[in-house]
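Heads up, the thing below is written out as structure tokens.
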Number of protein chains: 2
Amino acid sequence: MLEAILTRRSVRNFARREVGGETVEELLKAAMSAPSAGNEQPWEFVVLRDRPTLDRIADVHAYGQMLRHCPVAILVCGDFNRQKYEGFWIQDCAAATENLLIAANALGLGAVWLGVYPIEERVTAIRGIVAAPEEIVPFSLVAVGHPVQAPPPAERFDRTRIHNDRW
Amino acid sequence: MLEAILTRRSVRNFARREVGGETVEELLKAAMSAPSAGNEQPWEFVVLRDRPTLDRIADVHAYGQMLRHCPVAILVCGDFNRQKYEGFWIQDCAAATENLLIAANALGLGAVWLGVYPIEERVTAIRGIVAAPEEIVPFSLVAVGHPVQAPPPAERFDRTRIHNDRW
């Protein structure tokens, strides 16, 4: 199981093959299993399959060109109305996004995390495209599909980042 | 593998049993496997085992009483000097923290995520305790140990949080 964490890479090239609704539901179950400050669960998810909608988002996201080709993308949003501890919704939504990515890898899918928040132009444009209300903040976008090829694991472990008891 | 995500719970009661250095290294490998904006990897980790240090942190963290009893805690810090995309270090460090929690569960350990940033008093106090420089931001604290009992999985899946293509 550690493997799904250690072998996760950003995947941006997807095969022409669908990702079924049950699979998406598994990904969302994983996302909603994330911890959150005071268990606030300040998240909402938009499952994006509509091609014109994905294309419009690609138009406003500099790094989002794979949205034109991925079978499905999941927009993770924060909900200000559910926030109990100020500012922690960002961490909560990031944990949910990370769960989604690991779950995708565990299921043999590929995925990539596209940053949305805190870049205001992206937030506003995407909120408009999905017609979300003002209190909803588009936070991250995860493009999902079957990888054309599995990239080799990255080796990011760096012992110099570890300190013991104090700096 | 999805199981380690779906069964993860916050664990605050730990058995009197050590967590070895190799296990901690596995947790940190998982943490450093997280994605980050522009692959900036803006994280540093302080492995806390020293009892007086853990007690001092418990003194300044309202929800940190388990630090007095856990065998080890890992302080995840952000490094402003490594930041490429402004503001994204928070999401990067949250993803690393979430990886750490899932890895702990996968290894049969229990863990709990204690929020530090953006609560300024906690950030400043903990930075002082571990003697970290100004550009280092204590972000989260993960207490780790062997669970006294494994809590049942939470059922957080909520279909009302899912939207299709638009709100």
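As shown in the structure tokens, the chain order sets the letters A, B, ...; within each chain, residues go from 1, and ligands are also counted from 1 in the order they appear.
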Can I have chain A aligned to chain B? Use a least-squares fit on all Cα atoms paired in order and write it out as a compact mmCIF listing (two decimals) with N, CA and C atoms, in the first residue's frame.
# COMPACT_ATOMS: atom_id res chain seq x y z
N MET A 1 -5.13 -1.35 -1.07
CA MET A 1 -4.41 -0.11 -0.81
C MET A 1 -5.37 1.05 -0.56
N LEU A 2 -6.47 1.08 -1.30
CA LEU A 2 -7.49 2.06 -0.97
C LEU A 2 -7.84 1.96 0.50
N GLU A 3 -7.71 0.73 1.02
CA GLU A 3 -8.08 0.50 2.41
C GLU A 3 -7.34 1.43 3.38
N ALA A 4 -6.07 1.63 3.13
CA ALA A 4 -5.29 2.48 4.05
C ALA A 4 -5.83 3.91 4.04
N ILE A 5 -6.41 4.32 2.93
CA ILE A 5 -7.03 5.65 2.86
C ILE A 5 -8.38 5.63 3.57
N LEU A 6 -9.16 4.59 3.27
CA LEU A 6 -10.55 4.56 3.75
C LEU A 6 -10.65 4.26 5.25
N THR A 7 -9.66 3.56 5.79
CA THR A 7 -9.73 3.20 7.22
C THR A 7 -8.94 4.15 8.12
N ARG A 8 -8.31 5.15 7.54
CA ARG A 8 -7.51 6.07 8.35
C ARG A 8 -8.40 6.86 9.31
N ARG A 9 -8.06 6.86 10.56
CA ARG A 9 -8.75 7.68 11.56
C ARG A 9 -7.72 8.41 12.41
N SER A 10 -8.12 9.45 13.07
CA SER A 10 -7.23 10.12 14.02
C SER A 10 -7.07 9.23 15.23
N VAL A 11 -5.83 8.94 15.59
CA VAL A 11 -5.53 8.13 16.77
C VAL A 11 -4.78 8.99 17.77
N ARG A 12 -5.31 9.05 18.98
CA ARG A 12 -4.72 9.93 20.01
C ARG A 12 -4.25 9.16 21.24
N ASN A 13 -4.56 7.85 21.29
CA ASN A 13 -4.11 7.03 22.43
C ASN A 13 -3.11 6.00 21.94
N PHE A 14 -1.94 6.05 22.52
CA PHE A 14 -0.86 5.21 22.03
C PHE A 14 -0.38 4.24 23.09
N ALA A 15 -0.03 3.03 22.65
CA ALA A 15 0.54 2.04 23.56
C ALA A 15 1.97 2.47 23.93
N ARG A 16 2.45 1.96 25.05
CA ARG A 16 3.84 2.22 25.46
C ARG A 16 4.77 1.33 24.65
N ARG A 17 5.03 1.73 23.46
CA ARG A 17 5.85 0.91 22.58
C ARG A 17 6.53 1.85 21.60
N GLU A 18 7.78 1.62 21.35
CA GLU A 18 8.55 2.54 20.51
C GLU A 18 8.17 2.42 19.03
N VAL A 19 8.52 3.43 18.28
CA VAL A 19 8.43 3.40 16.82
C VAL A 19 9.87 3.58 16.33
N GLY A 20 10.38 2.59 15.64
CA GLY A 20 11.79 2.60 15.27
C GLY A 20 12.16 3.63 14.21
N GLY A 21 13.43 3.86 14.13
CA GLY A 21 13.95 4.85 13.17
C GLY A 21 13.68 4.48 11.73
N GLU A 22 13.72 3.19 11.41
CA GLU A 22 13.45 2.79 10.02
C GLU A 22 12.00 3.04 9.64
N THR A 23 11.12 2.83 10.62
CA THR A 23 9.70 3.09 10.37
C THR A 23 9.48 4.58 10.12
N VAL A 24 10.11 5.41 10.93
CA VAL A 24 9.99 6.86 10.74
C VAL A 24 10.51 7.24 9.35
N GLU A 25 11.59 6.59 8.94
CA GLU A 25 12.13 6.90 7.62
C GLU A 25 11.13 6.52 6.52
N GLU A 26 10.43 5.41 6.70
CA GLU A 26 9.39 5.04 5.71
C GLU A 26 8.29 6.10 5.65
N LEU A 27 7.91 6.59 6.82
CA LEU A 27 6.88 7.64 6.86
C LEU A 27 7.36 8.89 6.13
N LEU A 28 8.62 9.22 6.32
CA LEU A 28 9.16 10.43 5.68
C LEU A 28 9.35 10.24 4.18
N LYS A 29 9.65 9.01 3.77
CA LYS A 29 9.70 8.73 2.33
C LYS A 29 8.34 8.97 1.70
N ALA A 30 7.30 8.49 2.40
CA ALA A 30 5.93 8.70 1.90
C ALA A 30 5.62 10.19 1.84
N ALA A 31 5.98 10.90 2.90
CA ALA A 31 5.69 12.35 2.93
C ALA A 31 6.36 13.06 1.76
N MET A 32 7.63 12.73 1.52
CA MET A 32 8.39 13.40 0.45
C MET A 32 7.99 12.94 -0.95
N SER A 33 7.12 11.94 -1.03
CA SER A 33 6.61 11.51 -2.34
C SER A 33 5.41 12.34 -2.78
N ALA A 34 5.00 13.27 -1.96
CA ALA A 34 3.85 14.10 -2.33
C ALA A 34 4.19 14.97 -3.54
N PRO A 35 3.17 15.32 -4.30
CA PRO A 35 3.39 16.28 -5.39
C PRO A 35 3.53 17.67 -4.79
N SER A 36 4.12 18.58 -5.54
CA SER A 36 4.18 19.97 -5.09
C SER A 36 4.17 20.87 -6.31
N ALA A 37 3.72 22.08 -6.12
CA ALA A 37 3.60 23.04 -7.23
C ALA A 37 4.98 23.25 -7.84
N GLY A 38 5.08 23.01 -9.14
CA GLY A 38 6.37 23.16 -9.81
C GLY A 38 7.45 22.28 -9.22
N ASN A 39 7.02 21.18 -8.58
CA ASN A 39 7.94 20.26 -7.90
C ASN A 39 8.87 21.00 -6.93
N GLU A 40 8.34 22.01 -6.24
CA GLU A 40 9.18 22.85 -5.38
C GLU A 40 9.62 22.13 -4.11
N GLN A 41 8.86 21.11 -3.69
CA GLN A 41 9.21 20.34 -2.48
C GLN A 41 9.62 21.27 -1.33
N PRO A 42 8.69 22.12 -0.91
CA PRO A 42 9.06 23.19 0.04
C PRO A 42 9.02 22.74 1.49
N TRP A 43 9.34 21.49 1.76
CA TRP A 43 9.16 20.95 3.11
C TRP A 43 10.45 20.59 3.81
N GLU A 44 10.37 20.62 5.12
CA GLU A 44 11.43 20.13 6.02
C GLU A 44 10.71 19.40 7.15
N PHE A 45 11.37 18.48 7.80
CA PHE A 45 10.74 17.66 8.83
C PHE A 45 11.60 17.61 10.08
N VAL A 46 10.96 17.77 11.22
CA VAL A 46 11.69 17.60 12.48
C VAL A 46 11.10 16.39 13.20
N VAL A 47 11.93 15.38 13.40
CA VAL A 47 11.51 14.18 14.12
C VAL A 47 11.71 14.44 15.61
N LEU A 48 10.60 14.40 16.35
CA LEU A 48 10.63 14.78 17.76
C LEU A 48 10.48 13.55 18.64
N ARG A 49 11.53 13.27 19.42
CA ARG A 49 11.48 12.15 20.36
C ARG A 49 11.83 12.61 21.77
N ASP A 50 12.50 13.73 21.85
CA ASP A 50 12.96 14.24 23.14
C ASP A 50 11.75 14.63 23.99
N ARG A 51 11.63 13.99 25.15
CA ARG A 51 10.43 14.17 25.98
C ARG A 51 10.23 15.63 26.42
N PRO A 52 11.27 16.31 26.95
CA PRO A 52 11.04 17.71 27.35
C PRO A 52 10.59 18.59 26.17
N THR A 53 11.12 18.31 24.97
CA THR A 53 10.71 19.09 23.80
C THR A 53 9.24 18.83 23.47
N LEU A 54 8.84 17.56 23.48
CA LEU A 54 7.44 17.23 23.22
C LEU A 54 6.53 17.86 24.28
N ASP A 55 6.97 17.84 25.51
CA ASP A 55 6.16 18.45 26.58
C ASP A 55 6.03 19.95 26.38
N ARG A 56 7.10 20.60 25.97
CA ARG A 56 7.03 22.05 25.75
C ARG A 56 6.06 22.37 24.62
N ILE A 57 6.05 21.52 23.58
CA ILE A 57 5.10 21.77 22.48
C ILE A 57 3.67 21.53 22.97
N ALA A 58 3.49 20.47 23.79
CA ALA A 58 2.15 20.23 24.35
C ALA A 58 1.68 21.44 25.16
N ASP A 59 2.61 22.13 25.82
CA ASP A 59 2.25 23.31 26.61
C ASP A 59 1.68 24.44 25.75
N VAL A 60 2.09 24.49 24.48
CA VAL A 60 1.65 25.62 23.64
C VAL A 60 0.61 25.21 22.61
N HIS A 61 0.20 23.96 22.60
CA HIS A 61 -0.79 23.51 21.62
C HIS A 61 -2.03 22.97 22.34
N ALA A 62 -3.13 23.69 22.18
CA ALA A 62 -4.36 23.38 22.90
C ALA A 62 -4.85 21.94 22.67
N TYR A 63 -4.56 21.39 21.50
CA TYR A 63 -5.06 20.05 21.20
C TYR A 63 -3.93 19.02 21.21
N GLY A 64 -2.81 19.36 21.81
CA GLY A 64 -1.62 18.54 21.69
C GLY A 64 -1.27 17.71 22.91
N GLN A 65 -2.26 17.39 23.75
CA GLN A 65 -1.92 16.69 24.99
C GLN A 65 -1.34 15.29 24.75
N MET A 66 -1.71 14.66 23.61
CA MET A 66 -1.17 13.32 23.35
C MET A 66 0.35 13.37 23.07
N LEU A 67 0.88 14.57 22.86
CA LEU A 67 2.33 14.68 22.65
C LEU A 67 3.11 14.28 23.90
N ARG A 68 2.46 14.35 25.05
CA ARG A 68 3.12 13.95 26.30
C ARG A 68 3.30 12.44 26.40
N HIS A 69 2.61 11.71 25.53
CA HIS A 69 2.62 10.24 25.64
C HIS A 69 3.04 9.53 24.36
N CYS A 70 3.06 10.22 23.25
CA CYS A 70 3.38 9.52 21.98
C CYS A 70 4.87 9.24 21.92
N PRO A 71 5.27 8.14 21.30
CA PRO A 71 6.70 7.84 21.21
C PRO A 71 7.45 8.76 20.25
N VAL A 72 6.76 9.26 19.24
CA VAL A 72 7.44 10.15 18.29
C VAL A 72 6.40 11.07 17.63
N ALA A 73 6.84 12.25 17.29
CA ALA A 73 5.98 13.16 16.52
C ALA A 73 6.83 13.75 15.41
N ILE A 74 6.18 14.07 14.32
CA ILE A 74 6.90 14.66 13.19
C ILE A 74 6.32 16.03 12.92
N LEU A 75 7.20 17.01 12.96
CA LEU A 75 6.80 18.39 12.66
C LEU A 75 7.08 18.64 11.18
N VAL A 76 6.04 18.93 10.43
CA VAL A 76 6.19 19.25 9.01
C VAL A 76 6.29 20.77 8.91
N CYS A 77 7.34 21.24 8.26
CA CYS A 77 7.55 22.68 8.14
C CYS A 77 7.60 23.10 6.68
N GLY A 78 7.15 24.30 6.40
CA GLY A 78 7.33 24.89 5.07
C GLY A 78 8.59 25.74 5.06
N ASP A 79 9.22 25.79 3.91
CA ASP A 79 10.43 26.60 3.77
C ASP A 79 10.16 27.68 2.71
N PHE A 80 10.01 28.91 3.18
CA PHE A 80 9.69 30.01 2.26
C PHE A 80 10.74 30.17 1.16
N ASN A 81 11.97 29.80 1.46
CA ASN A 81 13.03 29.96 0.46
C ASN A 81 12.87 29.01 -0.73
N ARG A 82 12.12 27.96 -0.53
CA ARG A 82 11.95 26.99 -1.62
C ARG A 82 10.67 27.22 -2.42
N GLN A 83 9.95 28.26 -2.06
CA GLN A 83 8.65 28.51 -2.68
C GLN A 83 8.83 29.10 -4.08
N LYS A 84 8.25 28.41 -5.08
CA LYS A 84 8.30 28.94 -6.45
C LYS A 84 7.01 29.66 -6.81
N TYR A 85 5.88 29.09 -6.39
CA TYR A 85 4.57 29.64 -6.72
C TYR A 85 3.92 30.11 -5.43
N GLU A 86 3.72 31.39 -5.29
CA GLU A 86 3.29 31.96 -4.01
C GLU A 86 2.03 31.32 -3.46
N GLY A 87 2.11 30.91 -2.23
CA GLY A 87 0.94 30.40 -1.53
C GLY A 87 0.75 28.90 -1.66
N PHE A 88 1.36 28.27 -2.64
CA PHE A 88 1.12 26.85 -2.86
C PHE A 88 1.85 25.95 -1.86
N TRP A 89 2.82 26.53 -1.13
CA TRP A 89 3.55 25.69 -0.16
C TRP A 89 2.59 25.08 0.87
N ILE A 90 1.50 25.78 1.16
CA ILE A 90 0.53 25.27 2.14
C ILE A 90 -0.07 23.96 1.64
N GLN A 91 -0.47 23.94 0.37
CA GLN A 91 -1.07 22.75 -0.21
C GLN A 91 -0.04 21.62 -0.30
N ASP A 92 1.18 22.00 -0.64
CA ASP A 92 2.25 21.00 -0.76
C ASP A 92 2.50 20.33 0.59
N CYS A 93 2.59 21.14 1.63
CA CYS A 93 2.85 20.59 2.97
C CYS A 93 1.65 19.78 3.48
N ALA A 94 0.45 20.18 3.09
CA ALA A 94 -0.73 19.41 3.48
C ALA A 94 -0.73 18.05 2.78
N ALA A 95 -0.34 18.02 1.52
CA ALA A 95 -0.27 16.73 0.80
C ALA A 95 0.79 15.83 1.44
N ALA A 96 1.91 16.40 1.82
CA ALA A 96 2.96 15.61 2.49
C ALA A 96 2.46 15.07 3.83
N THR A 97 1.73 15.90 4.57
CA THR A 97 1.18 15.48 5.86
C THR A 97 0.18 14.34 5.66
N GLU A 98 -0.67 14.47 4.66
CA GLU A 98 -1.66 13.42 4.40
C GLU A 98 -0.98 12.10 4.02
N ASN A 99 0.07 12.18 3.19
CA ASN A 99 0.82 10.96 2.85
C ASN A 99 1.35 10.29 4.12
N LEU A 100 1.87 11.10 5.01
CA LEU A 100 2.41 10.58 6.27
C LEU A 100 1.33 9.82 7.05
N LEU A 101 0.14 10.39 7.12
CA LEU A 101 -0.95 9.76 7.87
C LEU A 101 -1.38 8.44 7.23
N ILE A 102 -1.49 8.43 5.92
CA ILE A 102 -1.91 7.20 5.24
C ILE A 102 -0.83 6.13 5.39
N ALA A 103 0.41 6.54 5.26
CA ALA A 103 1.52 5.59 5.41
C ALA A 103 1.52 5.00 6.82
N ALA A 104 1.27 5.83 7.82
CA ALA A 104 1.23 5.33 9.20
C ALA A 104 0.14 4.27 9.33
N ASN A 105 -1.02 4.54 8.80
CA ASN A 105 -2.12 3.57 8.86
C ASN A 105 -1.76 2.29 8.11
N ALA A 106 -1.13 2.44 6.95
CA ALA A 106 -0.74 1.27 6.17
C ALA A 106 0.25 0.39 6.94
N LEU A 107 1.05 1.02 7.79
CA LEU A 107 2.05 0.28 8.57
C LEU A 107 1.50 -0.20 9.91
N GLY A 108 0.19 -0.02 10.12
CA GLY A 108 -0.41 -0.48 11.37
C GLY A 108 -0.21 0.46 12.54
N LEU A 109 0.26 1.67 12.24
CA LEU A 109 0.45 2.67 13.29
C LEU A 109 -0.78 3.57 13.35
N GLY A 110 -0.86 4.34 14.41
CA GLY A 110 -1.89 5.35 14.53
C GLY A 110 -1.26 6.72 14.52
N ALA A 111 -1.99 7.71 14.05
CA ALA A 111 -1.44 9.06 13.97
C ALA A 111 -2.56 10.08 14.02
N VAL A 112 -2.20 11.29 14.37
CA VAL A 112 -3.18 12.38 14.35
C VAL A 112 -2.49 13.64 13.84
N TRP A 113 -3.21 14.40 13.03
CA TRP A 113 -2.73 15.64 12.44
C TRP A 113 -3.14 16.79 13.34
N LEU A 114 -2.16 17.48 13.88
CA LEU A 114 -2.44 18.67 14.69
C LEU A 114 -2.15 19.91 13.85
N GLY A 115 -3.11 20.79 13.75
CA GLY A 115 -2.91 22.01 12.98
C GLY A 115 -1.98 22.97 13.68
N VAL A 116 -1.08 23.56 12.94
CA VAL A 116 -0.19 24.59 13.49
C VAL A 116 -0.42 25.89 12.70
N TYR A 117 0.12 25.96 11.49
CA TYR A 117 -0.15 27.09 10.61
C TYR A 117 -1.62 27.05 10.20
N PRO A 118 -2.35 28.16 10.06
CA PRO A 118 -1.93 29.56 10.14
C PRO A 118 -2.15 30.21 11.50
N ILE A 119 -2.12 29.45 12.58
CA ILE A 119 -2.31 30.07 13.90
C ILE A 119 -0.97 30.61 14.39
N GLU A 120 -0.85 31.92 14.33
CA GLU A 120 0.44 32.59 14.49
C GLU A 120 1.13 32.26 15.82
N GLU A 121 0.36 32.21 16.92
CA GLU A 121 0.98 31.93 18.23
C GLU A 121 1.64 30.55 18.22
N ARG A 122 0.93 29.58 17.62
CA ARG A 122 1.52 28.22 17.57
C ARG A 122 2.77 28.19 16.70
N VAL A 123 2.69 28.86 15.57
CA VAL A 123 3.83 28.89 14.64
C VAL A 123 5.06 29.45 15.35
N THR A 124 4.88 30.60 15.98
CA THR A 124 6.01 31.29 16.62
C THR A 124 6.56 30.48 17.79
N ALA A 125 5.65 29.96 18.62
CA ALA A 125 6.11 29.22 19.80
C ALA A 125 6.87 27.96 19.38
N ILE A 126 6.33 27.22 18.42
CA ILE A 126 6.98 25.97 18.02
C ILE A 126 8.28 26.24 17.27
N ARG A 127 8.29 27.29 16.48
CA ARG A 127 9.55 27.65 15.81
C ARG A 127 10.64 27.90 16.84
N GLY A 128 10.27 28.56 17.91
CA GLY A 128 11.23 28.83 18.98
C GLY A 128 11.69 27.55 19.66
N ILE A 129 10.76 26.67 19.95
CA ILE A 129 11.10 25.43 20.68
C ILE A 129 12.08 24.56 19.88
N VAL A 130 11.88 24.48 18.55
CA VAL A 130 12.78 23.63 17.75
C VAL A 130 13.94 24.44 17.18
N ALA A 131 13.99 25.72 17.53
CA ALA A 131 15.10 26.59 17.11
C ALA A 131 15.25 26.67 15.59
N ALA A 132 14.11 26.76 14.91
CA ALA A 132 14.15 26.88 13.44
C ALA A 132 14.31 28.34 13.05
N PRO A 133 14.96 28.59 11.92
CA PRO A 133 15.13 29.98 11.47
C PRO A 133 13.81 30.60 10.99
N GLU A 134 13.83 31.91 10.81
CA GLU A 134 12.63 32.69 10.48
C GLU A 134 11.90 32.23 9.22
N GLU A 135 12.65 31.77 8.22
CA GLU A 135 12.01 31.42 6.95
C GLU A 135 11.32 30.06 7.00
N ILE A 136 11.50 29.36 8.11
CA ILE A 136 10.87 28.06 8.29
C ILE A 136 9.55 28.23 9.06
N VAL A 137 8.47 27.70 8.49
CA VAL A 137 7.15 27.85 9.09
C VAL A 137 6.64 26.50 9.58
N PRO A 138 6.62 26.28 10.90
CA PRO A 138 5.99 25.06 11.40
C PRO A 138 4.55 24.99 10.88
N PHE A 139 4.23 23.90 10.19
CA PHE A 139 2.96 23.83 9.46
C PHE A 139 1.97 22.87 10.11
N SER A 140 2.43 21.67 10.41
CA SER A 140 1.56 20.67 11.03
C SER A 140 2.42 19.76 11.88
N LEU A 141 1.76 19.08 12.78
CA LEU A 141 2.47 18.21 13.69
C LEU A 141 1.72 16.89 13.66
N VAL A 142 2.44 15.79 13.46
CA VAL A 142 1.79 14.48 13.42
C VAL A 142 2.34 13.64 14.56
N ALA A 143 1.48 13.33 15.53
CA ALA A 143 1.86 12.42 16.61
C ALA A 143 1.66 11.00 16.10
N VAL A 144 2.65 10.14 16.36
CA VAL A 144 2.61 8.77 15.82
C VAL A 144 2.88 7.77 16.93
N GLY A 145 2.23 6.63 16.86
CA GLY A 145 2.49 5.56 17.82
C GLY A 145 1.69 4.33 17.46
N HIS A 146 1.80 3.33 18.31
CA HIS A 146 0.99 2.13 18.12
C HIS A 146 -0.36 2.37 18.78
N PRO A 147 -1.44 2.20 18.04
CA PRO A 147 -2.75 2.51 18.61
C PRO A 147 -3.11 1.54 19.73
N VAL A 148 -3.71 2.05 20.78
CA VAL A 148 -4.22 1.19 21.85
C VAL A 148 -5.33 0.32 21.29
N GLN A 149 -6.19 0.94 20.51
CA GLN A 149 -7.16 0.13 19.76
C GLN A 149 -7.44 0.82 18.44
N ALA A 150 -7.72 0.01 17.42
CA ALA A 150 -7.97 0.59 16.10
C ALA A 150 -9.42 1.09 16.06
N PRO A 151 -9.60 2.40 15.86
CA PRO A 151 -10.97 2.91 15.78
C PRO A 151 -11.64 2.42 14.49
N PRO A 152 -12.96 2.25 14.49
CA PRO A 152 -13.65 1.81 13.28
C PRO A 152 -13.55 2.89 12.21
N PRO A 153 -13.58 2.50 10.93
CA PRO A 153 -13.52 3.51 9.87
C PRO A 153 -14.67 4.51 10.00
N ALA A 154 -14.39 5.76 9.67
CA ALA A 154 -15.47 6.76 9.63
C ALA A 154 -16.19 6.59 8.30
N GLU A 155 -17.46 6.87 8.27
CA GLU A 155 -18.16 6.86 6.99
C GLU A 155 -18.46 8.31 6.63
N ARG A 156 -17.57 8.89 5.83
CA ARG A 156 -17.74 10.31 5.51
C ARG A 156 -18.29 10.54 4.11
N PHE A 157 -18.46 9.45 3.36
CA PHE A 157 -18.92 9.63 1.98
C PHE A 157 -20.31 10.26 1.97
N ASP A 158 -20.46 11.31 1.19
CA ASP A 158 -21.70 12.08 1.18
C ASP A 158 -22.01 12.45 -0.26
N ARG A 159 -22.98 11.76 -0.82
CA ARG A 159 -23.30 11.94 -2.23
C ARG A 159 -23.76 13.36 -2.56
N THR A 160 -24.29 14.06 -1.57
CA THR A 160 -24.77 15.43 -1.84
C THR A 160 -23.62 16.39 -2.13
N ARG A 161 -22.37 15.96 -1.87
CA ARG A 161 -21.24 16.84 -2.17
C ARG A 161 -20.77 16.71 -3.62
N ILE A 162 -21.41 15.84 -4.38
CA ILE A 162 -20.96 15.58 -5.75
C ILE A 162 -21.89 16.27 -6.75
N HIS A 163 -21.29 17.00 -7.66
CA HIS A 163 -22.04 17.70 -8.71
C HIS A 163 -21.54 17.19 -10.04
N ASN A 164 -22.38 17.24 -11.05
CA ASN A 164 -21.96 16.77 -12.36
C ASN A 164 -21.92 17.90 -13.38
N ASP A 165 -20.73 18.20 -13.82
CA ASP A 165 -20.43 19.20 -14.84
C ASP A 165 -20.73 20.64 -14.43
N ARG A 166 -21.75 20.84 -13.61
CA ARG A 166 -21.98 22.20 -13.12
C ARG A 166 -22.79 22.13 -11.84
N TRP A 167 -22.86 23.27 -11.17
CA TRP A 167 -23.57 23.31 -9.90
C TRP A 167 -25.04 23.05 -10.11
Residue list (helix (DSSP H, G or I), DSSP) for stretch 2-80 of chain A, as a PyMOL selection string: chain A and resi 2-6+21-32+37-39+51-60+65-68+80
Dump of N, CA and C atoms for the selected residues, as a short mmCIF file (atom, residue, chain, number, x, y, z; two decimals), in the first residue's frame:
data_model
loop_
_atom_site.label_atom_id
_atom_site.label_comp_id
_atom_site.auth_asym_id
_atom_site.auth_seq_id
_atom_site.Cartn_x
_atom_site.Cartn_y
_atom_site.Cartn_z
N LEU A 2 1.96 1.22 0.74
CA LEU A 2 2.88 2.34 0.63
C LEU A 2 3.24 2.57 -0.83
N GLU A 3 3.20 1.47 -1.59
CA GLU A 3 3.57 1.56 -3.00
C GLU A 3 2.75 2.60 -3.76
N ALA A 4 1.47 2.64 -3.49
CA ALA A 4 0.62 3.60 -4.22
C ALA A 4 1.03 5.03 -3.91
N ILE A 5 1.59 5.25 -2.73
CA ILE A 5 2.09 6.59 -2.38
C ILE A 5 3.44 6.83 -3.07
N LEU A 6 4.31 5.81 -2.99
CA LEU A 6 5.69 6.00 -3.45
C LEU A 6 5.80 6.02 -4.98
N GLY A 21 -18.24 5.46 -13.96
CA GLY A 21 -18.83 6.18 -12.83
C GLY A 21 -18.52 5.55 -11.49
N GLU A 22 -18.45 4.22 -11.45
CA GLU A 22 -18.13 3.56 -10.17
C GLU A 22 -16.71 3.85 -9.73
N THR A 23 -15.82 3.92 -10.72
CA THR A 23 -14.42 4.25 -10.40
C THR A 23 -14.32 5.66 -9.85
N VAL A 24 -15.03 6.58 -10.49
CA VAL A 24 -15.03 7.97 -10.00
C VAL A 24 -15.57 8.01 -8.57
N GLU A 25 -16.58 7.20 -8.31
CA GLU A 25 -17.13 7.18 -6.95
C GLU A 25 -16.10 6.67 -5.94
N GLU A 26 -15.31 5.69 -6.35
CA GLU A 26 -14.24 5.21 -5.45
C GLU A 26 -13.23 6.32 -5.15
N LEU A 27 -12.91 7.08 -6.20
CA LEU A 27 -11.97 8.19 -6.01
C LEU A 27 -12.54 9.22 -5.04
N LEU A 28 -13.83 9.47 -5.18
CA LEU A 28 -14.46 10.48 -4.31
C LEU A 28 -14.62 9.97 -2.88
N LYS A 29 -14.82 8.66 -2.73
CA LYS A 29 -14.83 8.09 -1.38
C LYS A 29 -13.48 8.30 -0.71
N ALA A 30 -12.42 8.07 -1.47
CA ALA A 30 -11.07 8.28 -0.93
C ALA A 30 -10.88 9.75 -0.57
N ALA A 31 -11.30 10.63 -1.46
CA ALA A 31 -11.14 12.07 -1.19
C ALA A 31 -11.86 12.47 0.09
N MET A 32 -13.09 11.99 0.26
CA MET A 32 -13.89 12.37 1.43
C MET A 32 -13.44 11.66 2.71
N ALA A 37 -9.91 19.86 9.69
CA ALA A 37 -9.86 20.57 10.97
C ALA A 37 -11.25 20.54 11.61
N GLY A 38 -11.32 20.03 12.82
CA GLY A 38 -12.61 19.93 13.50
C GLY A 38 -13.62 19.10 12.73
N ASN A 39 -13.10 18.20 11.88
CA ASN A 39 -13.95 17.37 11.02
C ASN A 39 -14.95 18.21 10.22
N ARG A 51 -17.39 17.75 -22.64
CA ARG A 51 -16.21 18.20 -23.41
C ARG A 51 -16.13 19.73 -23.54
N PRO A 52 -17.23 20.42 -23.93
CA PRO A 52 -17.13 21.89 -24.02
C PRO A 52 -16.74 22.53 -22.68
N THR A 53 -17.23 21.97 -21.57
CA THR A 53 -16.88 22.53 -20.26
C THR A 53 -15.39 22.33 -19.98
N LEU A 54 -14.89 21.13 -20.25
CA LEU A 54 -13.46 20.87 -20.04
C LEU A 54 -12.61 21.77 -20.95
N ASP A 55 -13.06 21.97 -22.16
CA ASP A 55 -12.32 22.85 -23.08
C ASP A 55 -12.30 24.29 -22.57
N ARG A 56 -13.43 24.74 -22.05
CA ARG A 56 -13.47 26.12 -21.53
C ARG A 56 -12.53 26.28 -20.35
N ILE A 57 -12.44 25.24 -19.51
CA ILE A 57 -11.50 25.33 -18.37
C ILE A 57 -10.06 25.33 -18.89
N ALA A 58 -9.80 24.48 -19.91
CA ALA A 58 -8.45 24.47 -20.49
C ALA A 58 -8.08 25.85 -21.03
N ASP A 59 -9.08 26.58 -21.54
CA ASP A 59 -8.83 27.92 -22.06
C ASP A 59 -8.34 28.89 -20.99
N VAL A 60 -8.75 28.65 -19.74
CA VAL A 60 -8.40 29.61 -18.68
C VAL A 60 -7.32 29.09 -17.74
N GLN A 65 -3.82 21.94 -20.45
CA GLN A 65 -4.10 21.48 -21.81
C GLN A 65 -4.56 20.02 -21.87
N MET A 66 -4.13 19.20 -20.88
CA MET A 66 -4.56 17.80 -20.91
C MET A 66 -6.07 17.66 -20.64
N LEU A 67 -6.70 18.74 -20.19
CA LEU A 67 -8.15 18.69 -19.97
C LEU A 67 -8.90 18.49 -21.29
N ARG A 68 -8.27 18.85 -22.39
CA ARG A 68 -8.91 18.67 -23.70
C ARG A 68 -8.96 17.19 -24.11
N PHE A 80 -16.82 27.91 1.94
CA PHE A 80 -16.59 28.82 3.07
C PHE A 80 -17.64 28.66 4.17
#
In stretch 3-166 of chain A, DSSP strand (DSSP E) residues written as a ChimeraX atom specification: /A:43-48,72-79,110-115,136-145,162-164
